[in-house]
Structure formats: C-alpha cells, structure tokens
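Next up, target.cif (mmCIF, C-alpha atoms and all ligand atoms):
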```cif
data_input
loop_
_atom_site.label_atom_id
_atom_site.label_comp_id
_atom_site.auth_asym_id
_atom_site.auth_seq_id
_atom_site.Cartn_x
_atom_site.Cartn_y
_atom_site.Cartn_z
CA MET A 1 -63.41 57.28 5.21
CA GLN A 2 -60.35 55.53 3.84
CA TYR A 3 -60.40 53.54 0.63
CA ARG A 4 -58.05 50.95 -0.70
CA PHE A 5 -57.00 52.17 -4.15
CA GLU A 6 -55.87 49.90 -6.98
CA TYR A 7 -55.38 50.50 -10.67
CA ARG A 8 -54.65 48.39 -13.70
CA ARG A 9 -53.36 49.80 -16.93
CA TYR A 10 -54.50 48.14 -20.13
CA CYS A 11 -53.56 48.11 -23.78
CA LEU A 12 -56.22 46.22 -25.75
CA PRO A 13 -56.03 45.60 -29.50
CA PHE A 14 -59.18 46.39 -31.42
CA ARG A 15 -60.62 43.55 -33.45
CA LEU A 16 -59.99 45.67 -36.55
CA PRO A 17 -57.98 48.90 -36.68
CA LEU A 18 -60.32 51.91 -36.87
CA ARG A 19 -59.97 54.40 -39.68
CA THR A 20 -59.91 57.88 -38.26
CA SER A 21 -58.88 61.27 -39.62
CA GLN A 22 -55.75 60.77 -37.48
CA GLY A 23 -54.92 57.54 -39.34
CA PRO A 24 -55.46 53.97 -38.17
CA TRP A 25 -56.13 53.37 -34.47
CA SER A 26 -55.31 49.78 -33.56
CA GLU A 27 -55.27 49.47 -29.77
CA ARG A 28 -56.94 51.19 -26.86
CA GLU A 29 -54.92 52.30 -23.88
CA GLY A 30 -56.46 53.21 -20.56
CA VAL A 31 -56.57 52.50 -16.86
CA LEU A 32 -59.15 50.73 -14.69
CA VAL A 33 -59.42 51.81 -11.06
CA ARG A 34 -60.92 50.12 -8.04
CA LEU A 35 -61.78 51.69 -4.69
CA THR A 36 -62.72 49.43 -1.80
CA ASP A 37 -64.30 51.02 1.27
CA GLU A 38 -63.77 49.97 4.87
CA GLY A 39 -66.80 47.69 4.64
CA GLY A 40 -65.23 45.80 1.74
CA ARG A 41 -67.54 47.25 -0.92
CA ALA A 42 -65.73 47.80 -4.20
CA GLY A 43 -66.45 50.40 -6.86
CA TYR A 44 -64.90 50.45 -10.32
CA GLY A 45 -64.12 53.12 -12.86
CA GLU A 46 -62.41 53.42 -16.21
CA ALA A 47 -60.16 56.19 -17.47
CA ALA A 48 -60.33 55.91 -21.26
CA PRO A 49 -58.52 58.94 -22.66
CA ILE A 50 -58.44 60.03 -26.30
CA PRO A 51 -55.38 62.29 -26.35
CA TRP A 52 -56.06 63.72 -29.82
CA TYR A 53 -59.40 64.94 -28.50
CA GLY A 54 -57.44 66.98 -25.99
CA THR A 55 -57.62 64.63 -23.01
CA GLU A 56 -54.71 63.52 -20.88
CA THR A 57 -52.68 60.46 -21.92
CA ALA A 58 -52.65 56.97 -20.37
CA ASN A 59 -49.09 57.68 -19.18
CA GLU A 60 -50.22 60.76 -17.28
CA ILE A 61 -53.06 58.79 -15.71
CA GLU A 62 -50.75 55.97 -14.65
CA THR A 63 -48.26 58.42 -13.13
CA VAL A 64 -50.94 60.04 -11.00
CA CYS A 65 -52.38 56.65 -9.98
CA ARG A 66 -48.95 55.48 -8.87
CA GLY A 67 -48.60 58.62 -6.78
CA LEU A 68 -51.95 58.16 -5.04
CA GLY A 69 -50.75 55.20 -3.00
CA GLU A 70 -52.73 52.29 -1.64
CA GLN A 71 -54.79 54.10 1.00
CA VAL A 72 -56.67 57.20 -0.10
CA THR A 73 -59.28 59.60 1.22
CA VAL A 74 -62.05 61.26 -0.77
CA GLU A 75 -60.22 64.58 -0.33
CA ARG A 76 -57.12 63.11 -1.93
CA LEU A 77 -59.14 61.79 -4.87
CA THR A 78 -61.04 64.99 -5.49
CA ALA A 79 -57.73 66.89 -5.48
CA VAL A 80 -56.61 65.16 -8.70
CA ALA A 81 -55.73 67.91 -11.19
CA SER A 82 -58.67 69.22 -13.19
CA HIS A 83 -57.03 68.66 -16.58
CA LEU A 84 -57.09 64.90 -15.87
CA GLY A 85 -60.78 64.69 -16.79
CA CYS A 86 -60.80 61.00 -17.71
CA LEU A 87 -59.12 59.95 -14.47
CA ARG A 88 -61.45 62.16 -12.42
CA HIS A 89 -64.35 60.53 -14.23
CA ALA A 90 -63.05 57.07 -13.32
CA LEU A 91 -62.49 57.96 -9.66
CA ALA A 92 -65.94 59.52 -9.33
CA ALA A 93 -67.50 56.38 -10.82
CA ALA A 94 -65.57 54.15 -8.44
CA LEU A 95 -66.52 56.29 -5.44
CA ALA A 96 -70.24 56.11 -6.16
CA PRO A 97 -71.12 52.66 -7.43
CA SER A 98 -74.77 53.34 -8.19
CA SER A 99 -77.51 50.87 -7.48
CA GLY A 100 -80.19 49.65 -9.82
CA HIS A 101 -83.37 51.37 -10.94
CA ARG A 102 -86.58 50.21 -9.34
CA ASP A 103 -88.39 50.77 -12.64
CA PRO A 104 -86.06 50.05 -15.54
CA PRO A 105 -85.99 53.04 -17.91
CA ALA A 106 -87.13 52.62 -21.52
CA PRO A 107 -84.54 51.11 -23.88
CA LEU A 108 -82.12 53.41 -25.70
CA GLY A 109 -82.12 53.50 -29.50
CA VAL A 110 -78.70 52.86 -31.02
CA ALA A 111 -77.13 54.31 -34.16
CA ALA A 112 -75.63 51.70 -36.49
CA LEU A 113 -72.03 52.37 -37.41
CA LEU A 114 -71.20 52.14 -41.12
CA PRO A 115 -67.74 51.68 -42.57
CA ALA A 116 -66.22 54.67 -44.35
CA GLY A 117 -66.38 55.03 -48.12
CA ARG A 118 -68.22 52.78 -50.55
CA ALA A 119 -68.25 49.88 -48.07
CA ALA A 120 -71.13 51.68 -46.33
CA LEU A 121 -73.46 50.66 -49.14
CA ALA A 122 -73.03 46.94 -48.62
CA ALA A 123 -73.34 47.32 -44.85
CA ILE A 124 -76.74 49.05 -44.75
CA PRO A 125 -79.19 46.27 -45.73
CA ALA A 126 -78.35 43.85 -42.92
CA ARG A 127 -78.43 46.64 -40.34
CA ALA A 128 -81.73 47.94 -41.68
CA GLU A 129 -83.10 44.40 -41.53
CA ALA A 130 -81.95 44.16 -37.90
CA GLY A 131 -84.04 47.23 -37.10
CA PHE A 132 -81.61 50.14 -37.08
CA ARG A 133 -82.97 53.50 -38.33
CA ILE A 134 -80.06 55.87 -37.63
CA PHE A 135 -76.87 55.13 -39.56
CA LYS A 136 -73.59 56.80 -38.78
CA TRP A 137 -71.25 57.21 -41.73
CA LYS A 138 -67.69 58.40 -41.24
CA VAL A 139 -66.81 60.98 -43.88
CA GLY A 140 -63.73 63.08 -44.44
CA VAL A 141 -61.78 59.88 -44.92
CA GLU A 142 -61.70 60.03 -48.73
CA THR A 143 -61.91 63.11 -50.96
CA VAL A 144 -64.98 65.35 -50.77
CA ALA A 145 -65.76 64.61 -54.42
CA ASP A 146 -65.60 60.84 -53.93
CA GLU A 147 -67.73 60.86 -50.80
CA LEU A 148 -70.30 63.36 -52.13
CA GLY A 149 -70.53 61.11 -55.18
CA LEU A 150 -71.64 58.29 -52.90
CA LEU A 151 -74.10 60.28 -50.81
CA ASP A 152 -77.17 59.71 -52.95
CA ASP A 153 -76.51 55.98 -53.19
CA VAL A 154 -76.10 55.78 -49.43
CA CYS A 155 -79.34 57.73 -48.88
CA ALA A 156 -81.14 55.48 -51.37
CA ALA A 157 -80.00 52.38 -49.46
CA LEU A 158 -81.57 53.60 -46.19
CA PRO A 159 -84.78 51.98 -45.00
CA GLY A 160 -87.99 54.04 -44.93
CA GLY A 161 -87.69 56.72 -42.27
CA GLY A 162 -83.99 56.04 -41.94
CA GLN A 163 -81.54 58.88 -41.39
CA LEU A 164 -77.83 59.40 -41.82
CA ARG A 165 -75.58 60.82 -39.19
CA LEU A 166 -72.40 62.09 -40.84
CA ASP A 167 -69.17 62.39 -38.86
CA ALA A 168 -66.31 64.31 -40.48
CA ASN A 169 -64.09 64.32 -37.38
CA GLY A 170 -62.95 67.82 -38.27
CA ALA A 171 -61.59 66.82 -41.67
CA TRP A 172 -63.00 69.73 -43.71
CA ASP A 173 -62.22 73.39 -44.18
CA ARG A 174 -64.94 75.99 -44.52
CA ARG A 175 -65.40 75.54 -48.27
CA GLN A 176 -65.62 71.75 -48.02
CA ALA A 177 -68.04 71.96 -45.11
CA GLU A 178 -70.23 74.36 -47.09
CA ARG A 179 -70.32 72.00 -50.07
CA TRP A 180 -71.43 69.18 -47.81
CA LEU A 181 -74.01 71.16 -45.87
CA ASP A 182 -75.44 72.51 -49.08
CA ARG A 183 -75.89 68.95 -50.35
CA CYS A 184 -77.31 67.67 -47.06
CA ALA A 185 -80.06 70.30 -46.90
CA ASP A 186 -82.72 68.25 -48.69
CA ARG A 187 -81.49 64.81 -47.79
CA PRO A 188 -82.27 62.58 -44.79
CA VAL A 189 -79.29 63.71 -42.74
CA GLU A 190 -79.93 63.90 -39.02
CA HIS A 191 -76.80 65.93 -38.34
CA VAL A 192 -73.23 66.56 -39.46
CA GLU A 193 -70.73 65.97 -36.72
CA GLN A 194 -67.64 68.13 -36.30
CA PRO A 195 -67.35 69.38 -39.91
CA VAL A 196 -64.27 71.51 -39.18
CA PRO A 197 -61.41 70.97 -36.74
CA ALA A 198 -61.92 71.94 -33.11
CA GLU A 199 -58.43 73.44 -33.04
CA ALA A 200 -58.96 75.82 -35.98
CA ALA A 201 -58.18 79.37 -34.88
CA ASP A 202 -61.65 80.64 -35.80
CA ALA A 203 -63.50 77.39 -34.98
CA THR A 204 -66.15 79.02 -32.79
CA ASP A 205 -67.16 81.67 -35.33
CA LEU A 206 -66.88 79.20 -38.19
CA LEU A 207 -69.12 76.60 -36.55
CA LEU A 208 -71.67 79.19 -35.38
CA GLY A 209 -71.69 80.63 -38.92
CA LEU A 210 -72.25 77.22 -40.54
CA ALA A 211 -74.99 76.40 -38.03
CA GLY A 212 -76.75 79.63 -38.92
CA ASP A 213 -76.40 79.29 -42.68
CA TYR A 214 -77.63 75.72 -43.25
CA PRO A 215 -80.71 73.81 -42.12
CA THR A 216 -78.94 70.52 -41.30
CA PRO A 217 -78.01 70.53 -37.60
CA ILE A 218 -74.32 70.47 -36.79
CA ALA A 219 -73.02 68.44 -33.86
CA LEU A 220 -69.99 69.26 -31.75
CA ASP A 221 -67.83 66.34 -30.68
CA GLU A 222 -64.08 67.03 -30.61
CA SER A 223 -64.93 70.69 -29.88
CA ILE A 224 -66.36 69.84 -26.46
CA ALA A 225 -63.79 67.29 -25.27
CA GLY A 226 -61.39 69.64 -23.48
CA GLU A 227 -61.62 71.17 -20.03
CA GLY A 228 -64.09 74.07 -20.04
CA ASP A 229 -65.18 73.54 -23.67
CA LEU A 230 -68.74 72.54 -22.86
CA GLU A 231 -69.27 75.59 -20.66
CA ARG A 232 -67.88 77.84 -23.40
CA TRP A 233 -70.25 76.47 -26.06
CA LEU A 234 -73.24 76.64 -23.75
CA ALA A 235 -72.37 80.27 -23.02
CA ALA A 236 -72.11 80.91 -26.77
CA GLY A 237 -75.65 79.58 -27.20
CA TRP A 238 -74.68 76.75 -29.55
CA PRO A 239 -77.86 75.96 -31.50
CA GLY A 240 -76.84 72.50 -32.69
CA VAL A 241 -76.24 69.11 -31.14
CA TYR A 242 -73.76 68.16 -28.40
CA VAL A 243 -72.07 64.76 -28.73
CA VAL A 244 -71.40 63.75 -25.15
CA LYS A 245 -68.84 61.07 -24.42
CA PRO A 246 -69.43 60.59 -20.70
CA SER A 247 -66.09 58.80 -20.29
CA LEU A 248 -64.27 62.04 -21.13
CA LEU A 249 -66.19 64.15 -18.60
CA ALA A 250 -64.76 64.71 -15.12
CA ASN A 251 -68.19 65.64 -13.78
CA VAL A 252 -70.87 63.90 -15.84
CA ALA A 253 -73.80 64.92 -13.63
CA GLY A 254 -72.77 68.57 -13.62
CA ALA A 255 -72.35 68.64 -17.39
CA LEU A 256 -75.71 66.99 -17.97
CA ASP A 257 -77.45 69.38 -15.59
CA ALA A 258 -76.06 72.33 -17.55
CA LEU A 259 -77.09 70.77 -20.86
CA LEU A 260 -80.56 70.01 -19.60
CA GLU A 261 -81.01 73.53 -18.31
CA ALA A 262 -80.01 74.85 -21.75
CA LYS A 263 -82.54 72.45 -23.35
CA ALA A 264 -79.63 71.18 -25.44
CA ALA A 265 -79.87 68.42 -28.02
CA VAL A 266 -77.59 65.66 -26.75
CA VAL A 267 -76.27 62.51 -28.38
CA PHE A 268 -74.51 60.13 -26.01
CA SER A 269 -71.52 58.46 -27.54
CA SER A 270 -68.96 55.76 -26.89
CA ALA A 271 -65.33 56.66 -26.27
CA LEU A 272 -64.45 53.10 -27.32
CA GLU A 273 -63.96 52.17 -23.70
CA THR A 274 -64.26 48.65 -22.27
CA ALA A 275 -67.63 47.39 -21.07
CA LEU A 276 -66.76 48.65 -17.60
CA GLY A 277 -66.62 52.24 -18.80
CA ALA A 278 -69.45 51.74 -21.28
CA ARG A 279 -71.72 50.63 -18.43
CA GLN A 280 -71.01 53.87 -16.61
CA ALA A 281 -71.43 55.97 -19.77
CA LEU A 282 -74.72 54.32 -20.68
CA ARG A 283 -76.06 54.84 -17.17
CA ALA A 284 -75.73 58.56 -17.89
CA ALA A 285 -77.63 58.12 -21.15
CA PHE A 286 -80.40 56.26 -19.35
CA ALA A 287 -80.57 58.98 -16.69
CA TRP A 288 -80.95 61.79 -19.28
CA THR A 289 -84.42 63.31 -19.05
CA GLY A 290 -84.08 65.56 -22.11
CA GLU A 291 -85.06 64.54 -25.62
CA ARG A 292 -83.66 61.13 -26.48
CA ARG A 293 -81.63 60.53 -29.62
CA ALA A 294 -80.07 57.29 -30.80
CA VAL A 295 -76.88 56.71 -28.82
CA GLY A 296 -73.55 56.36 -30.60
CA PHE A 297 -72.78 52.99 -29.06
CA GLY A 298 -73.06 50.77 -32.13
CA VAL A 299 -69.43 49.83 -31.66
CA TRP A 300 -69.39 46.16 -30.69
CA PRO A 301 -67.73 43.77 -31.41
CA LEU A 302 -64.83 46.12 -30.71
CA PHE A 303 -61.95 44.34 -29.00
CA ALA A 304 -59.92 41.36 -30.16
CA ASP A 305 -60.61 39.90 -26.70
CA ALA A 306 -64.42 39.83 -26.55
CA ARG A 307 -64.43 39.70 -22.74
CA PHE A 308 -63.96 43.47 -22.82
CA ASP A 309 -66.96 44.13 -25.08
CA GLY A 310 -69.66 43.19 -22.63
CA LEU A 311 -72.52 44.00 -24.98
CA VAL A 312 -73.47 43.15 -28.53
CA THR A 313 -74.69 45.83 -30.92
CA THR A 314 -78.45 45.75 -31.31
CA PRO A 315 -80.91 48.51 -32.32
CA PHE A 316 -81.83 49.00 -28.66
CA ILE A 317 -79.90 48.76 -25.41
CA ARG A 318 -81.95 47.70 -22.43
CA TRP A 319 -81.24 48.57 -18.82
CA ASP A 320 -80.96 44.87 -18.04
CA ASP A 321 -78.21 44.53 -20.65
CA LEU A 322 -76.20 47.03 -18.65
CA GLU A 323 -76.87 45.35 -15.35
CA ARG A 324 -75.47 42.11 -16.69
CA ILE A 325 -72.05 43.71 -17.22
CA ASN A 326 -69.84 42.59 -14.35
CA PRO A 327 -67.08 45.15 -13.61
CA GLU A 328 -65.22 42.68 -11.41
CA ALA A 329 -65.00 40.17 -14.25
CA ILE A 330 -63.52 42.82 -16.54
CA TRP A 331 -61.08 43.88 -13.85
CA ASN A 332 -60.05 40.26 -13.36
CA ALA A 333 -59.67 39.74 -17.11
CA LEU A 334 -56.74 42.18 -17.00
CA THR A 335 -54.47 39.97 -14.92
MG MG A 401 -67.64 62.11 -33.66
#
```

Once more with this new file: its structure as structure tokens, please.
Amino acid sequence: MQYRFEYRRYCLPFRLPLRTSQGPWSEREGVLVRLTDEGGRAGYGEAAPIPWYGTETANEIETVCRGLGEQVTVERLTAVASHLGCLRHALAAALAPSSGHRDPPAPLGVAALLPAGRAALAAIPARAEAGFRIFKWKVGVETVADELGLLDDVCAALPGGGQLRLDANGAWDRRQAERWLDRCADRPVEHVEQPVPAEAADATDLLLGLAGDYPTPIALDESIAGEGDLERWLAAGWPGVYVVKPSLLANVAGALDALLEAKAAVVFSSALETALGARQALRAAFAWTGERRAVGFGVWPLFADARFDGLVTTPFIRWDDLERINPEAIWNALT
C-alpha cells in the first residue's frame, strides 16, 4: 500500500507566554502530517516536540519529513529513527485513523490549571464554582520560602474535597524537595510532579528515595519523556504516578499496555499540542482501562488563534467533544 505523504510545519503563538522553569515559552513549533491512502482516505497526525524534555526538535522533524518524499510505504514510515518519538507518534496516528466508539466512554475529569505564585489564590474560586476539584499549581517558579508561605492559603481556598496537584518541573534539589514533601504530608496534595530534575546524575535513586520517605505520591513527567525512560522506570518498580503525554510517545498503545500490566497510576497530560494532536492524545486517555485520574488538559484557551484550540476547558471532557474536532479544518487553517 502506497500513501501520499504531506506535512505542514507550524509556529503558533500562545495566547499568553507560559512561565516554565526554562523561562517564558511564547510559541509552539511542530509539524502536522497527512497520509492519504489509495482509496483517498486521509489520516492526520501531529508531531509536537518539547526539546527540553529530551524529544527531537521541530527542525529535525521537518528534515526527516522532507526526506520521506511524496509517496511512501508503511515500511518506509516505520523505519523512521527511534529517537524521533514525536514524529513516529504522528505517523502512527495518521496511518490508523481510528473510528468512533459504539458506546461513548464515560467523560474524563479535568484538572484546572492555576497560575504560578500568588495569582493562584484569585484563580481558584471561579474554577471551583465551575466544578473543578483537582487544581494544578506550578511551583518552583518563585523561591521555596515564598511558595511554601502561600501553600496554606492555596489549600484553604480549595473547595470541599478539592486537591492540589503540584508541579515543580524539576526545579528543586533534594533539600528543597524534602522541605516541600514534609509540608505536603498532611495537606490535600494529590501528588508532587517532578520535584527534582530528570537529568540529575542520581535522579533515579533520589526520586525512589523521596517516594519511599514521604507519604505524598510523586509523579514522573520529564523523567519519562525520553526514549526508553518509561521502560527503565517500570523495571525499577516506580511506586508513584506516571504523567503520560501521549504526543511524546512513539508507541502509545505499547506504553499503555506496559503501564496497565504494572498496575501503574497514570495521569494523561497535554503536551500543549493543537486540537489535532489533543484529539489523538485524549483518545488514549479514553481508552485507558486502569484507574482514572483527572487529565492534565485544562489548557485552553491556549493559542492566539483559537482555531487551533478545538476544545474549551471544562471540568469534564466528553467523547463527543473529541469527535467534533475536525483534523482537516486544523490542517487547512495552516495555509
Ligand atoms: Mg509536569
């Protein structure tokens, strides 16, 4: 079977620059792909890399896409180098445009995203009123003392039964992480995400040690973004949570099978992709048969050009919301 292969590179400004531990992030670069089979049926995929998570870059993706040519075989596509996980993800998605569910799965709960620092306090009431119960707060952006000083006020602002999900994006060292985990122990903190950097020399021992010493679960995010990382952590018997960004996984189904077999706690998360990629990523979250946790997709409105958002952020995402996303319209919006 031959396919017609097309790709479109994009560079889309975010509505507001995101504050990350790497500094401000103001525009998203990636590549959309389209594969059309001999019967004229088109499938779409999105390669949405995050290079500082250890993925390939948009330039690398574009170079490989240019080299693929206009007519491709499945063999040619599956031979794309294994370190290009985001591109492989996109090609796999485009090769297998899945059809709808006969019985729509139950809606997915969504975690509300809070701004970093003190601004979180003002943001909670409206989100609580809207029905959110899990609130993700980015920490590690200001000093440990300043942020710990806010923790009790943030907890007090949560609705009844509400929980905080803290994401440090690897900003802390061991001592700082210990201070935080000590403080979280008797507070409504669902988990602490990536307390120490994935690239620290002793990251594996450090994270396993922290997970063993404190009751608050620790979630791995940046630590499982590179090729082979997930397999390594599963083999190490990681007792905490896995933050899975399907867009960064070359083989989503394989990864999820391994996680399910390990009875792993999984949180599905956005890679800040366009609606085309988000549709694919959320399909994986809907297909997950393990324990469900609120998905980290409370990201919209995200892009300056709202055509690429596709969804609005609500406390639940329904299967029908996904089915309304039209990949062709997003593809066409890039011309
Ligand atoms: Mg994270």

Given a cut-off of 12 Å, what residues near ligand MG 401 (chain A) show up using all atoms listed in the file, put as a ChimeraX atom specification?
/A:20-21,50,53,113,136-140,165-171,191-198,218-225,241-245,267-272,295-297

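Using all atoms listed in the file, the residues found no farther than 9 Å from Glu62 (chain A), other than those of its own chain fewer than 5 positions away, are Tyr7, Arg8, Arg9, Gly30, Val31, Thr57 and Gly67 of chain A.
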
Resulting file, chosen residues, C-alpha atoms, as a compact mmCIF listing (two decimals), in the coordinates of the input:
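Output below, filename again-v3.txt:
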```
# COMPACT_ATOMS: atom_id res chain seq x y z
CA TYR A 7 -55.38 50.50 -10.67
CA ARG A 8 -54.65 48.39 -13.70
CA ARG A 9 -53.36 49.80 -16.93
CA GLY A 30 -56.46 53.21 -20.56
CA VAL A 31 -56.57 52.50 -16.86
CA THR A 57 -52.68 60.46 -21.92
CA GLY A 67 -48.60 58.62 -6.78
```

Of A:Glu273, A:Asp257, A:Asp202, A:Glu323, the one nearest to Thr289 (chain A) when counting only C-alpha atoms is A:Asp257

Nearest to Leu35 (chain A), chosen from A:Ala203, A:Ala126, A:Ala93, A:Ala81, with only C-alpha atoms counted in the distances
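Closest candidate: A:Ala93.
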
Can you measure CA of Thr313 (chain A) to CA of Ala294 (chain A) for me? One decimal in Å is fine.
12.7 Å

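If you measure from each of A:Leu234, A:Pro115, A:Ala201, A:Pro107 to Arg318 (chain A) using all atoms listed in the file, the closest one turns out to be A:Pro107.
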
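Of the listed residues (A:Leu114, A:Phe316, A:Pro239, A:Gly149), A:Phe316 comes nearest to Ala130 (chain A); the distances count all atoms listed in the file.
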
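Among the candidates A:Tyr3, A:Trp172, A:Trp238, A:Phe308, the residue lying nearest to Glu75 (chain A) is A:Tyr3 (atoms considered: all atoms listed in the file).
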
For a cutoff of 8 Å around the file-coordinate point (-76.3, 51.3, -48.6), which residues qualify once you count all atoms listed in the file? I'd like the result as a ChimeraX atom specification.
/A:120-125,153-158

List the spatial neighbours of Gly54 (chain A) as a VMD selection string - criterion: any atom at most 7 Å away, only C-alpha atoms, same-chain residues fewer than 2 positions off excluded.
chain A and resid 51 to 52 56 225 to 226

Given only C-alpha atoms as the counted atoms, nearest of A:Leu18, A:Gly85, A:Ala265, A:Asp37 to Ala58 (chain A):
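Smallest distance to Ala58 (chain A) is found for A:Gly85.
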
Identify, on the basis of only C-alpha atoms, every residue whose closest approach to Leu164 (chain A) does not exceed 6 Å; exclude the query and any residue fewer than 4 positions from it along the same chain; express the result as a list in words.
Ile134, Phe135, Lys136, Val189 and Glu190 of chain A

Quick one: residues within 8 Å of Val252 (chain A), only C-alpha atoms, excluding same-chain residues fewer than 5 positions away - as number ranges by chain?
A: 89, 246, 284

Between CA of Pro97 (chain A) and CA of Ala42 (chain A), what is the distance in Å, rounded to a tenth?
7.9 Å

Non-local contacts of Ala106 (chain A) (12 Å; all atoms listed in the file; under 4 positions in same chain excluded) as a list in words
His101, Ala285, Phe286, Ala287, Trp288, Thr289, Arg292, Phe316, Ile317, Arg318, Trp319 and Asp320 of chain A

Length of the CA of Ala304 (chain A) to CA of Cys11 (chain A) vector [Å]:
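These two atoms are separated by 11.3 Å.
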
At a cut-off of 12 Å from (-60.2, 47.9, -13.5) in the coordinates of the file, what residues are picked up using all atoms listed in the file, written as a PyMOL selection string?
chain A and resi 5-10+30-35+42-48+90-91+93-94+273-277+308+326-335
